[in-house]
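Printed here is target.cif (mmCIF, N, CA and C atoms):
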data_run
loop_
_atom_site.label_atom_id
_atom_site.label_comp_id
_atom_site.auth_asym_id
_atom_site.auth_seq_id
_atom_site.Cartn_x
_atom_site.Cartn_y
_atom_site.Cartn_z
N MET A 19 34.91 25.13 18.70
CA MET A 19 35.47 24.73 17.42
C MET A 19 34.80 25.54 16.31
N THR A 20 35.59 26.00 15.37
CA THR A 20 35.05 26.72 14.22
C THR A 20 34.67 25.74 13.13
N GLU A 21 34.24 26.28 11.99
CA GLU A 21 33.85 25.45 10.86
C GLU A 21 35.02 24.57 10.40
N PRO A 22 34.72 23.35 9.97
CA PRO A 22 35.79 22.51 9.42
C PRO A 22 36.35 23.12 8.14
N ILE A 23 37.60 22.88 7.91
CA ILE A 23 38.29 23.38 6.72
C ILE A 23 38.25 22.29 5.66
N ASN A 24 37.86 22.68 4.47
CA ASN A 24 37.77 21.74 3.36
C ASN A 24 39.08 21.67 2.59
N SER A 25 39.25 20.58 1.87
CA SER A 25 40.44 20.39 1.02
C SER A 25 40.54 21.49 -0.02
N PRO A 26 41.75 21.81 -0.45
CA PRO A 26 41.90 22.83 -1.50
C PRO A 26 41.30 22.36 -2.82
N ALA A 27 40.95 23.32 -3.65
CA ALA A 27 40.44 23.02 -4.99
C ALA A 27 41.55 22.33 -5.80
N PRO A 28 41.18 21.61 -6.86
CA PRO A 28 42.20 20.95 -7.68
C PRO A 28 43.23 21.92 -8.28
N HIS A 29 42.79 23.13 -8.55
CA HIS A 29 43.68 24.18 -9.07
C HIS A 29 43.35 25.48 -8.35
N PRO A 30 44.35 26.31 -8.07
CA PRO A 30 44.06 27.60 -7.46
C PRO A 30 43.11 28.41 -8.33
N CYS A 31 42.22 29.16 -7.69
CA CYS A 31 41.23 29.94 -8.43
C CYS A 31 41.93 30.99 -9.31
N GLY A 32 41.20 31.50 -10.26
CA GLY A 32 41.76 32.41 -11.26
C GLY A 32 42.22 33.75 -10.74
N SER A 33 41.96 34.05 -9.47
CA SER A 33 42.41 35.31 -8.88
C SER A 33 43.39 35.09 -7.72
N CYS A 34 43.84 33.88 -7.55
CA CYS A 34 44.71 33.54 -6.42
C CYS A 34 46.02 34.33 -6.47
N PRO A 35 46.38 34.98 -5.37
CA PRO A 35 47.61 35.77 -5.36
C PRO A 35 48.89 34.94 -5.48
N TYR A 36 48.79 33.64 -5.30
CA TYR A 36 49.96 32.77 -5.43
C TYR A 36 50.21 32.33 -6.87
N ARG A 37 49.24 32.53 -7.74
CA ARG A 37 49.40 32.13 -9.15
C ARG A 37 50.31 33.11 -9.88
N GLN A 38 51.22 32.58 -10.67
CA GLN A 38 52.11 33.45 -11.44
C GLN A 38 51.40 34.18 -12.56
N ASP A 39 50.27 33.65 -13.01
CA ASP A 39 49.57 34.28 -14.14
C ASP A 39 48.48 35.26 -13.72
N VAL A 40 48.32 35.50 -12.43
CA VAL A 40 47.35 36.51 -11.99
C VAL A 40 48.04 37.87 -12.02
N PRO A 41 47.38 38.85 -12.63
CA PRO A 41 48.00 40.17 -12.75
C PRO A 41 48.30 40.81 -11.39
N SER A 42 49.25 41.68 -11.38
CA SER A 42 49.61 42.44 -10.20
C SER A 42 48.52 43.46 -9.88
N GLY A 43 48.31 43.71 -8.59
CA GLY A 43 47.40 44.77 -8.18
C GLY A 43 45.96 44.37 -8.01
N VAL A 44 45.65 43.09 -8.03
CA VAL A 44 44.26 42.64 -7.92
C VAL A 44 43.73 42.81 -6.50
N TRP A 45 44.54 42.49 -5.51
CA TRP A 45 44.11 42.49 -4.11
C TRP A 45 44.59 43.73 -3.38
N ASP A 46 43.96 44.02 -2.27
CA ASP A 46 44.39 45.11 -1.40
C ASP A 46 45.77 44.79 -0.84
N GLU A 47 46.53 45.81 -0.56
CA GLU A 47 47.88 45.63 -0.03
C GLU A 47 47.89 44.77 1.24
N SER A 48 46.87 44.90 2.07
CA SER A 48 46.81 44.11 3.30
C SER A 48 46.75 42.61 3.02
N GLU A 49 46.15 42.22 1.90
CA GLU A 49 46.11 40.80 1.54
C GLU A 49 47.50 40.31 1.13
N TYR A 50 48.22 41.12 0.36
CA TYR A 50 49.58 40.74 -0.04
C TYR A 50 50.52 40.71 1.17
N ASP A 51 50.28 41.57 2.14
CA ASP A 51 51.13 41.61 3.33
C ASP A 51 51.09 40.31 4.13
N LYS A 52 50.01 39.56 4.02
CA LYS A 52 49.87 38.30 4.76
C LYS A 52 50.76 37.18 4.20
N LEU A 53 51.03 37.24 2.91
CA LEU A 53 51.67 36.10 2.24
C LEU A 53 53.07 35.77 2.75
N PRO A 54 53.98 36.75 2.92
CA PRO A 54 55.34 36.41 3.37
C PRO A 54 55.41 35.85 4.79
N GLU A 55 54.38 36.12 5.59
CA GLU A 55 54.40 35.62 6.97
C GLU A 55 54.44 34.10 7.03
N TYR A 56 53.91 33.44 6.01
CA TYR A 56 53.90 31.98 5.98
C TYR A 56 55.23 31.40 5.50
N ASP A 57 56.17 32.27 5.07
CA ASP A 57 57.51 31.83 4.70
C ASP A 57 58.41 31.66 5.93
N GLU A 58 57.98 32.19 7.03
CA GLU A 58 58.79 32.18 8.26
C GLU A 58 58.97 30.76 8.78
N PRO A 59 59.96 30.56 9.67
CA PRO A 59 60.08 29.25 10.33
C PRO A 59 58.76 28.91 11.05
N THR A 60 58.48 27.66 11.20
CA THR A 60 57.19 27.19 11.70
C THR A 60 56.70 27.96 12.92
N GLY A 61 57.51 28.12 13.92
CA GLY A 61 57.07 28.78 15.16
C GLY A 61 56.74 30.25 15.01
N ASN A 62 57.16 30.87 13.92
CA ASN A 62 56.91 32.30 13.71
C ASN A 62 55.77 32.57 12.72
N GLN A 63 55.15 31.51 12.20
CA GLN A 63 54.09 31.66 11.21
C GLN A 63 52.76 32.04 11.86
N PRO A 64 51.85 32.63 11.08
CA PRO A 64 50.50 32.90 11.59
C PRO A 64 49.80 31.59 11.99
N VAL A 65 48.89 31.70 12.94
CA VAL A 65 48.20 30.51 13.43
C VAL A 65 46.95 30.18 12.62
N GLY A 66 46.50 31.08 11.77
CA GLY A 66 45.29 30.85 10.99
C GLY A 66 45.59 30.27 9.62
N VAL A 67 44.75 29.35 9.19
CA VAL A 67 44.85 28.78 7.85
C VAL A 67 44.49 29.87 6.84
N PHE A 68 45.26 29.97 5.77
CA PHE A 68 44.98 30.93 4.71
C PHE A 68 43.89 30.32 3.84
N MET A 69 42.72 30.91 3.93
CA MET A 69 41.55 30.37 3.24
C MET A 69 41.42 30.98 1.85
N CYS A 70 40.75 30.24 0.97
CA CYS A 70 40.51 30.72 -0.39
C CYS A 70 39.67 31.99 -0.36
N HIS A 71 40.05 32.95 -1.19
CA HIS A 71 39.31 34.20 -1.28
C HIS A 71 37.91 34.01 -1.85
N GLN A 72 37.62 32.85 -2.40
CA GLN A 72 36.28 32.58 -2.92
C GLN A 72 35.29 32.31 -1.78
N ALA A 73 35.79 32.27 -0.56
CA ALA A 73 34.96 32.07 0.64
C ALA A 73 34.12 30.80 0.53
N ASP A 74 34.74 29.74 0.07
CA ASP A 74 34.02 28.47 -0.11
C ASP A 74 34.38 27.44 0.96
N GLY A 75 35.07 27.87 2.01
CA GLY A 75 35.42 26.96 3.10
C GLY A 75 36.64 26.11 2.84
N ARG A 76 37.32 26.37 1.71
CA ARG A 76 38.51 25.59 1.36
C ARG A 76 39.78 26.32 1.80
N ALA A 77 40.78 25.53 2.14
CA ALA A 77 42.12 26.10 2.30
C ALA A 77 42.54 26.60 0.92
N CYS A 78 43.24 27.72 0.87
CA CYS A 78 43.68 28.29 -0.41
C CYS A 78 44.61 27.32 -1.12
N ALA A 79 44.23 26.94 -2.34
CA ALA A 79 45.03 25.98 -3.10
C ALA A 79 46.41 26.53 -3.45
N GLY A 80 46.49 27.82 -3.74
CA GLY A 80 47.78 28.43 -4.03
C GLY A 80 48.69 28.42 -2.82
N TRP A 81 48.15 28.75 -1.67
CA TRP A 81 48.89 28.76 -0.41
C TRP A 81 49.40 27.35 -0.10
N VAL A 82 48.52 26.37 -0.25
CA VAL A 82 48.91 24.98 0.02
C VAL A 82 49.99 24.52 -0.96
N GLY A 83 49.85 24.90 -2.23
CA GLY A 83 50.81 24.48 -3.23
C GLY A 83 52.15 25.18 -3.13
N CYS A 84 52.15 26.36 -2.57
CA CYS A 84 53.38 27.16 -2.47
C CYS A 84 54.25 26.76 -1.27
N HIS A 85 53.61 26.42 -0.18
CA HIS A 85 54.32 26.19 1.08
C HIS A 85 54.39 24.71 1.45
N ASP A 86 55.38 24.38 2.25
CA ASP A 86 55.55 23.03 2.78
C ASP A 86 54.56 22.86 3.93
N MET A 87 53.47 22.19 3.68
CA MET A 87 52.41 22.07 4.67
C MET A 87 52.79 21.18 5.85
N GLU A 88 53.80 20.35 5.69
CA GLU A 88 54.27 19.56 6.83
C GLU A 88 54.96 20.45 7.86
N GLU A 89 55.39 21.63 7.43
CA GLU A 89 56.08 22.58 8.32
C GLU A 89 55.21 23.80 8.62
N ASN A 90 53.91 23.67 8.41
CA ASN A 90 53.00 24.80 8.55
C ASN A 90 52.30 24.79 9.91
N LEU A 91 52.47 25.87 10.66
CA LEU A 91 51.90 25.97 12.00
C LEU A 91 50.38 25.97 11.97
N ALA A 92 49.78 26.72 11.05
CA ALA A 92 48.32 26.83 11.00
C ALA A 92 47.66 25.47 10.77
N ILE A 93 48.25 24.68 9.91
CA ILE A 93 47.70 23.34 9.63
C ILE A 93 47.83 22.46 10.87
N ARG A 94 48.95 22.55 11.55
CA ARG A 94 49.13 21.75 12.77
C ARG A 94 48.09 22.12 13.82
N ILE A 95 47.87 23.42 13.97
CA ILE A 95 46.87 23.87 14.96
C ILE A 95 45.47 23.43 14.54
N ALA A 96 45.15 23.57 13.26
CA ALA A 96 43.82 23.17 12.78
C ALA A 96 43.55 21.68 13.06
N VAL A 97 44.57 20.86 12.90
CA VAL A 97 44.43 19.43 13.20
C VAL A 97 44.20 19.25 14.70
N SER A 98 45.00 19.95 15.50
CA SER A 98 44.92 19.74 16.96
C SER A 98 43.60 20.19 17.56
N VAL A 99 42.92 21.16 16.95
CA VAL A 99 41.64 21.63 17.49
C VAL A 99 40.45 20.99 16.77
N GLY A 100 40.73 20.08 15.84
CA GLY A 100 39.66 19.34 15.18
C GLY A 100 39.03 20.01 13.97
N ASN A 101 39.67 21.04 13.42
CA ASN A 101 39.13 21.69 12.23
C ASN A 101 39.56 21.02 10.93
N LEU A 102 40.49 20.09 11.03
CA LEU A 102 40.95 19.32 9.86
C LEU A 102 40.87 17.84 10.22
N ASP A 103 40.13 17.09 9.42
CA ASP A 103 40.13 15.64 9.64
C ASP A 103 41.34 15.03 8.94
N ASP A 104 41.58 13.76 9.18
CA ASP A 104 42.76 13.09 8.63
C ASP A 104 42.78 13.13 7.11
N GLU A 105 41.64 12.91 6.48
CA GLU A 105 41.57 12.89 5.02
C GLU A 105 41.93 14.27 4.42
N THR A 106 41.41 15.33 5.04
CA THR A 106 41.71 16.68 4.55
C THR A 106 43.17 17.03 4.80
N TYR A 107 43.68 16.64 5.96
CA TYR A 107 45.09 16.87 6.26
C TYR A 107 45.97 16.22 5.19
N GLU A 108 45.70 14.97 4.87
CA GLU A 108 46.48 14.26 3.86
C GLU A 108 46.36 14.94 2.49
N ALA A 109 45.16 15.40 2.15
CA ALA A 109 44.96 16.09 0.86
C ALA A 109 45.78 17.37 0.80
N ILE A 110 45.90 18.05 1.92
CA ILE A 110 46.68 19.29 1.99
C ILE A 110 48.17 18.99 1.90
N VAL A 111 48.64 18.05 2.68
CA VAL A 111 50.07 17.72 2.71
C VAL A 111 50.54 17.16 1.36
N ASP A 112 49.69 16.38 0.70
CA ASP A 112 50.05 15.75 -0.57
C ASP A 112 49.67 16.58 -1.79
N TYR A 113 49.16 17.76 -1.61
CA TYR A 113 48.61 18.57 -2.70
C TYR A 113 49.66 18.89 -3.78
N GLU A 114 49.24 18.74 -5.02
CA GLU A 114 50.05 19.13 -6.17
C GLU A 114 49.13 19.75 -7.20
N THR A 115 49.66 20.71 -7.95
CA THR A 115 48.91 21.33 -9.02
C THR A 115 49.85 21.60 -10.19
N SER A 116 49.30 21.59 -11.37
CA SER A 116 50.10 21.93 -12.56
C SER A 116 50.11 23.45 -12.79
N THR A 117 49.33 24.19 -12.03
CA THR A 117 49.27 25.64 -12.15
C THR A 117 50.58 26.24 -11.65
N PRO A 118 51.25 27.06 -12.45
CA PRO A 118 52.50 27.69 -11.98
C PRO A 118 52.25 28.65 -10.82
N LEU A 119 52.94 28.38 -9.71
CA LEU A 119 52.82 29.21 -8.50
C LEU A 119 54.16 29.86 -8.19
N TRP A 120 54.10 30.96 -7.46
CA TRP A 120 55.32 31.59 -6.97
C TRP A 120 56.00 30.64 -6.00
N ASP A 121 57.31 30.74 -5.87
CA ASP A 121 58.06 29.84 -4.99
C ASP A 121 57.94 30.18 -3.51
N SER A 122 57.42 31.36 -3.20
CA SER A 122 57.27 31.77 -1.81
C SER A 122 56.18 32.83 -1.71
N GLY A 123 55.72 33.03 -0.49
CA GLY A 123 54.77 34.11 -0.25
C GLY A 123 55.39 35.46 -0.52
N SER A 124 56.69 35.59 -0.26
CA SER A 124 57.39 36.86 -0.52
C SER A 124 57.39 37.19 -2.01
N GLU A 125 57.66 36.18 -2.84
CA GLU A 125 57.62 36.41 -4.29
C GLU A 125 56.22 36.79 -4.75
N ALA A 126 55.22 36.08 -4.24
CA ALA A 126 53.83 36.38 -4.62
C ALA A 126 53.45 37.80 -4.20
N ALA A 127 53.84 38.19 -3.00
CA ALA A 127 53.52 39.53 -2.52
C ALA A 127 54.25 40.60 -3.32
N SER A 128 55.52 40.37 -3.62
CA SER A 128 56.29 41.35 -4.42
C SER A 128 55.63 41.57 -5.77
N HIS A 129 55.23 40.49 -6.40
CA HIS A 129 54.54 40.61 -7.69
C HIS A 129 53.20 41.34 -7.51
N GLY A 130 52.46 40.96 -6.48
CA GLY A 130 51.13 41.52 -6.27
C GLY A 130 51.11 43.02 -6.07
N VAL A 131 52.10 43.55 -5.37
CA VAL A 131 52.10 44.99 -5.09
C VAL A 131 52.79 45.81 -6.18
N GLU A 132 53.41 45.14 -7.12
CA GLU A 132 54.17 45.83 -8.17
C GLU A 132 53.34 46.92 -8.87
N ASN A 133 52.11 46.60 -9.24
CA ASN A 133 51.24 47.56 -9.93
C ASN A 133 50.01 47.89 -9.08
N LEU A 134 50.19 47.87 -7.79
CA LEU A 134 49.07 48.05 -6.87
C LEU A 134 48.30 49.34 -7.13
N PHE A 135 49.01 50.41 -7.42
CA PHE A 135 48.34 51.70 -7.59
C PHE A 135 48.10 52.06 -9.05
N ASP A 136 48.44 51.15 -9.95
CA ASP A 136 48.20 51.36 -11.37
C ASP A 136 47.95 50.01 -12.05
N PRO A 137 46.87 49.32 -11.63
CA PRO A 137 46.61 47.99 -12.20
C PRO A 137 46.29 48.07 -13.68
N ASP A 138 46.82 47.12 -14.44
CA ASP A 138 46.57 47.12 -15.89
C ASP A 138 45.16 46.59 -16.18
N GLN A 139 44.83 46.52 -17.47
CA GLN A 139 43.48 46.09 -17.87
C GLN A 139 43.17 44.66 -17.44
N ASP A 140 44.18 43.80 -17.49
CA ASP A 140 43.96 42.41 -17.05
C ASP A 140 43.58 42.37 -15.57
N ALA A 141 44.29 43.13 -14.75
CA ALA A 141 44.00 43.18 -13.32
C ALA A 141 42.61 43.77 -13.09
N GLN A 142 42.27 44.80 -13.84
CA GLN A 142 40.95 45.41 -13.69
C GLN A 142 39.83 44.44 -14.05
N ARG A 143 40.06 43.59 -15.05
CA ARG A 143 39.07 42.57 -15.42
C ARG A 143 38.89 41.56 -14.29
N VAL A 144 40.00 41.13 -13.69
CA VAL A 144 39.91 40.18 -12.58
C VAL A 144 39.17 40.81 -11.41
N MET A 145 39.48 42.07 -11.11
CA MET A 145 38.81 42.76 -10.01
C MET A 145 37.32 42.91 -10.28
N ALA A 146 36.95 43.24 -11.51
CA ALA A 146 35.53 43.38 -11.86
C ALA A 146 34.79 42.06 -11.69
N LYS A 147 35.45 40.97 -12.08
CA LYS A 147 34.85 39.64 -11.93
C LYS A 147 34.63 39.32 -10.45
N LEU A 148 35.62 39.66 -9.62
CA LEU A 148 35.49 39.43 -8.17
C LEU A 148 34.36 40.26 -7.59
N ARG A 149 34.29 41.53 -7.98
CA ARG A 149 33.21 42.40 -7.48
C ARG A 149 31.85 41.85 -7.88
N SER A 150 31.73 41.43 -9.12
CA SER A 150 30.47 40.90 -9.61
C SER A 150 30.04 39.66 -8.82
N LYS A 151 31.00 38.79 -8.54
CA LYS A 151 30.70 37.58 -7.77
C LYS A 151 30.25 37.94 -6.36
N ARG A 152 30.91 38.89 -5.75
CA ARG A 152 30.57 39.28 -4.38
C ARG A 152 29.22 39.96 -4.33
N GLU A 153 28.86 40.69 -5.36
CA GLU A 153 27.55 41.34 -5.39
C GLU A 153 26.43 40.33 -5.52
N ARG A 154 26.68 39.20 -6.14
CA ARG A 154 25.68 38.16 -6.31
C ARG A 154 25.46 37.37 -5.02
N THR A 155 26.43 37.39 -4.12
CA THR A 155 26.29 36.59 -2.89
C THR A 155 25.76 37.38 -1.74
#

Before anything else, please render the file you have as structure tokens.
Amino acid sequence: MTEPINSPAPHPCGSCPYRQDVPSGVWDESEYDKLPEYDEPTGNQPVGVFMCHQADGRACAGWVGCHDMEENLAIRIAVSVGNLDDETYEAIVDYETSTPLWDSGSEAASHGVENLFDPDQDAQRVMAKLRSKRERT
């Protein structure tokens, strides 16, 4: 059994690729490529829970808020192998946020790669903040 998965944060973090207000081009293309896979029918979805990029052991709040977690394969598997307790499962399934999120992983990914090779100043500020945080850890 791997580490238990914690409930999502009350609001997606300020660099979450699912947030509509996060600038395009913050994450590597490989990160954006993961997002549409969770839009697939349950049996075709990835088996791993999409974790918060803050590496805090939480399920990504944006991912949870964007997708129907009752139809999510990764969550079902996490429950079956004991990585999600009942309380965390309920917190994920019932999750709501006032933060505007994209309606799908495909929309989030399309926005994210739009300025991938020419990120604006806002995106560069978010990236600098992420680098700074990672250097401290």

Picked from chain A by DSSP as strand (DSSP E or B), as an MDAnalysis selection string: chainID A and resid 24 37 69 76:77 119

Could the residues in this selection be written to a file with N, CA and C atoms, as a PDB file, in the frame of the given file?
ATOM      1  N   ASN A  24      37.860  22.680   4.470  1.00  0.00           N
ATOM      2  CA  ASN A  24      37.770  21.740   3.360  1.00  0.00           C
ATOM      3  C   ASN A  24      39.080  21.670   2.590  1.00  0.00           C
ATOM      4  N   ARG A  37      49.240  32.530  -7.740  1.00  0.00           N
ATOM      5  CA  ARG A  37      49.400  32.130  -9.150  1.00  0.00           C
ATOM      6  C   ARG A  37      50.310  33.110  -9.880  1.00  0.00           C
ATOM      7  N   MET A  69      42.720  30.910   3.930  1.00  0.00           N
ATOM      8  CA  MET A  69      41.550  30.370   3.240  1.00  0.00           C
ATOM      9  C   MET A  69      41.420  30.980   1.850  1.00  0.00           C
ATOM     10  N   ARG A  76      37.320  26.370   1.710  1.00  0.00           N
ATOM     11  CA  ARG A  76      38.510  25.590   1.360  1.00  0.00           C
ATOM     12  C   ARG A  76      39.780  26.320   1.800  1.00  0.00           C
ATOM     13  N   ALA A  77      40.780  25.530   2.140  1.00  0.00           N
ATOM     14  CA  ALA A  77      42.120  26.100   2.300  1.00  0.00           C
ATOM     15  C   ALA A  77      42.540  26.600   0.920  1.00  0.00           C
ATOM     16  N   LEU A 119      52.940  28.380  -9.710  1.00  0.00           N
ATOM     17  CA  LEU A 119      52.820  29.210  -8.500  1.00  0.00           C
ATOM     18  C   LEU A 119      54.160  29.860  -8.190  1.00  0.00           C
TER      19      LEU A 119
END

Which residue of A:Gly43, A:Pro26, A:Pro54, A:Gly80 approaches Gly123 of chain A most closely, using only N, CA and C atoms: A:Pro54

6.5 Å contact set for segment 102-114 of chain A, only N, CA and C atoms, chain neighbours under 6 positions out, as an NGL selection string: :A and (22-26 or 28 or 82-83 or 87-88 or 96)

Members of segment 49-122 of chain A assigned alpha helix (DSSP H) by DSSP, as a ChimeraX atom specification: /A:49-52,79-84,91-98,104-111

Selected residue of minimal separation from Leu91 of chain A among A:Gly61, A:Gly130, A:Pro41, A:Pro35, counting only N, CA and C atoms: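 Nearest candidate to Leu91 of chain A out of A:Gly61, A:Gly130, A:Pro41, A:Pro35: A:Gly61.
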
Of the listed residues A:Pro64, A:Cys70, A:Val44, A:Gln38, that which approaches Asn133 of chain A most closely, counting all atoms listed in the file: A:Val44

A:Glu47, A:Glu58, A:Ser42, A:Glu21 ranked by distance to Gly75 of chain A, top pick (using all atoms listed in the file):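 Among the listed residues, A:Glu21 lies closest to Gly75 of chain A.
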
Gap from atom N of Asp46 of chain A to atom C of Cys78 of chain A - Å, one decimal: 16.8 Å

Atom CA of Glu55 of chain A to atom CA of Ile95 of chain A, straight-line distance in Å: 16.1 Å

Nearest-residue call for His71 of chain A, choices A:Val97, A:Cys34, A:Leu53, A:Ala141, using all atoms listed in the file: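 Checking each of A:Val97, A:Cys34, A:Leu53, A:Ala141 against His71 of chain A, counting all atoms listed in the file, the winner is A:Cys34.
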
Save segment 114-134 of chain A from what I just supplied, as a PDB file, in the first residue's frame, atoms limited to N, CA and C atoms.
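Once everything was written out, this is out-v5.pdb:
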ATOM      1  N   GLU A 114     -16.861  20.787  -3.521  1.00  0.00           N
ATOM      2  CA  GLU A 114     -17.317  21.957  -4.271  1.00  0.00           C
ATOM      3  C   GLU A 114     -16.375  23.101  -3.964  1.00  0.00           C
ATOM      4  N   THR A 115     -16.180  23.974  -4.950  1.00  0.00           N
ATOM      5  CA  THR A 115     -15.364  25.156  -4.757  1.00  0.00           C
ATOM      6  C   THR A 115     -15.995  26.317  -5.511  1.00  0.00           C
ATOM      7  N   SER A 116     -15.773  27.504  -5.009  1.00  0.00           N
ATOM      8  CA  SER A 116     -16.254  28.698  -5.713  1.00  0.00           C
ATOM      9  C   SER A 116     -15.244  29.168  -6.768  1.00  0.00           C
ATOM     10  N   THR A 117     -14.072  28.550  -6.798  1.00  0.00           N
ATOM     11  CA  THR A 117     -13.042  28.903  -7.772  1.00  0.00           C
ATOM     12  C   THR A 117     -13.485  28.457  -9.163  1.00  0.00           C
ATOM     13  N   PRO A 118     -13.494  29.353 -10.142  1.00  0.00           N
ATOM     14  CA  PRO A 118     -13.883  28.949 -11.506  1.00  0.00           C
ATOM     15  C   PRO A 118     -12.884  27.956 -12.109  1.00  0.00           C
ATOM     16  N   LEU A 119     -13.415  26.800 -12.503  1.00  0.00           N
ATOM     17  CA  LEU A 119     -12.604  25.740 -13.106  1.00  0.00           C
ATOM     18  C   LEU A 119     -13.056  25.493 -14.539  1.00  0.00           C
ATOM     19  N   TRP A 120     -12.151  24.941 -15.332  1.00  0.00           N
ATOM     20  CA  TRP A 120     -12.519  24.521 -16.683  1.00  0.00           C
ATOM     21  C   TRP A 120     -13.526  23.389 -16.579  1.00  0.00           C
ATOM     22  N   ASP A 121     -14.369  23.231 -17.578  1.00  0.00           N
ATOM     23  CA  ASP A 121     -15.414  22.203 -17.556  1.00  0.00           C
ATOM     24  C   ASP A 121     -14.896  20.801 -17.843  1.00  0.00           C
ATOM     25  N   SER A 122     -13.668  20.694 -18.323  1.00  0.00           N
ATOM     26  CA  SER A 122     -13.092  19.383 -18.628  1.00  0.00           C
ATOM     27  C   SER A 122     -11.572  19.486 -18.614  1.00  0.00           C
ATOM     28  N   GLY A 123     -10.947  18.329 -18.545  1.00  0.00           N
ATOM     29  CA  GLY A 123      -9.496  18.293 -18.651  1.00  0.00           C
ATOM     30  C   GLY A 123      -9.031  18.751 -20.022  1.00  0.00           C
ATOM     31  N   SER A 124      -9.833  18.466 -21.050  1.00  0.00           N
ATOM     32  CA  SER A 124      -9.480  18.902 -22.409  1.00  0.00           C
ATOM     33  C   SER A 124      -9.445  20.418 -22.515  1.00  0.00           C
ATOM     34  N   GLU A 125     -10.445  21.079 -21.916  1.00  0.00           N
ATOM     35  CA  GLU A 125     -10.454  22.546 -21.930  1.00  0.00           C
ATOM     36  C   GLU A 125      -9.258  23.106 -21.166  1.00  0.00           C
ATOM     37  N   ALA A 126      -8.969  22.524 -20.010  1.00  0.00           N
ATOM     38  CA  ALA A 126      -7.833  22.984 -19.206  1.00  0.00           C
ATOM     39  C   ALA A 126      -6.523  22.804 -19.974  1.00  0.00           C
ATOM     40  N   ALA A 127      -6.373  21.672 -20.626  1.00  0.00           N
ATOM     41  CA  ALA A 127      -5.151  21.409 -21.387  1.00  0.00           C
ATOM     42  C   ALA A 127      -5.028  22.350 -22.581  1.00  0.00           C
ATOM     43  N   SER A 128      -6.123  22.570 -23.291  1.00  0.00           N
ATOM     44  CA  SER A 128      -6.093  23.479 -24.455  1.00  0.00           C
ATOM     45  C   SER A 128      -5.656  24.875 -24.029  1.00  0.00           C
ATOM     46  N   HIS A 129      -6.207  25.343 -22.927  1.00  0.00           N
ATOM     47  CA  HIS A 129      -5.800  26.654 -22.409  1.00  0.00           C
ATOM     48  C   HIS A 129      -4.326  26.628 -21.994  1.00  0.00           C
ATOM     49  N   GLY A 130      -3.929  25.584 -21.296  1.00  0.00           N
ATOM     50  CA  GLY A 130      -2.572  25.504 -20.772  1.00  0.00           C
ATOM     51  C   GLY A 130      -1.489  25.540 -21.825  1.00  0.00           C
ATOM     52  N   VAL A 131      -1.733  24.894 -22.962  1.00  0.00           N
ATOM     53  CA  VAL A 131      -0.693  24.842 -24.003  1.00  0.00           C
ATOM     54  C   VAL A 131      -0.760  26.023 -24.971  1.00  0.00           C
ATOM     55  N   GLU A 132      -1.789  26.831 -24.855  1.00  0.00           N
ATOM     56  CA  GLU A 132      -1.982  27.950 -25.778  1.00  0.00           C
ATOM     57  C   GLU A 132      -0.735  28.832 -25.895  1.00  0.00           C
ATOM     58  N   ASN A 133      -0.134  29.192 -24.772  1.00  0.00           N
ATOM     59  CA  ASN A 133       1.060  30.047 -24.777  1.00  0.00           C
ATOM     60  C   ASN A 133       2.270  29.304 -24.219  1.00  0.00           C
ATOM     61  N   LEU A 134       2.296  28.018 -24.438  1.00  0.00           N
ATOM     62  CA  LEU A 134       3.332  27.174 -23.861  1.00  0.00           C
ATOM     63  C   LEU A 134       4.740  27.653 -24.200  1.00  0.00           C
TER      64      LEU A 134
END
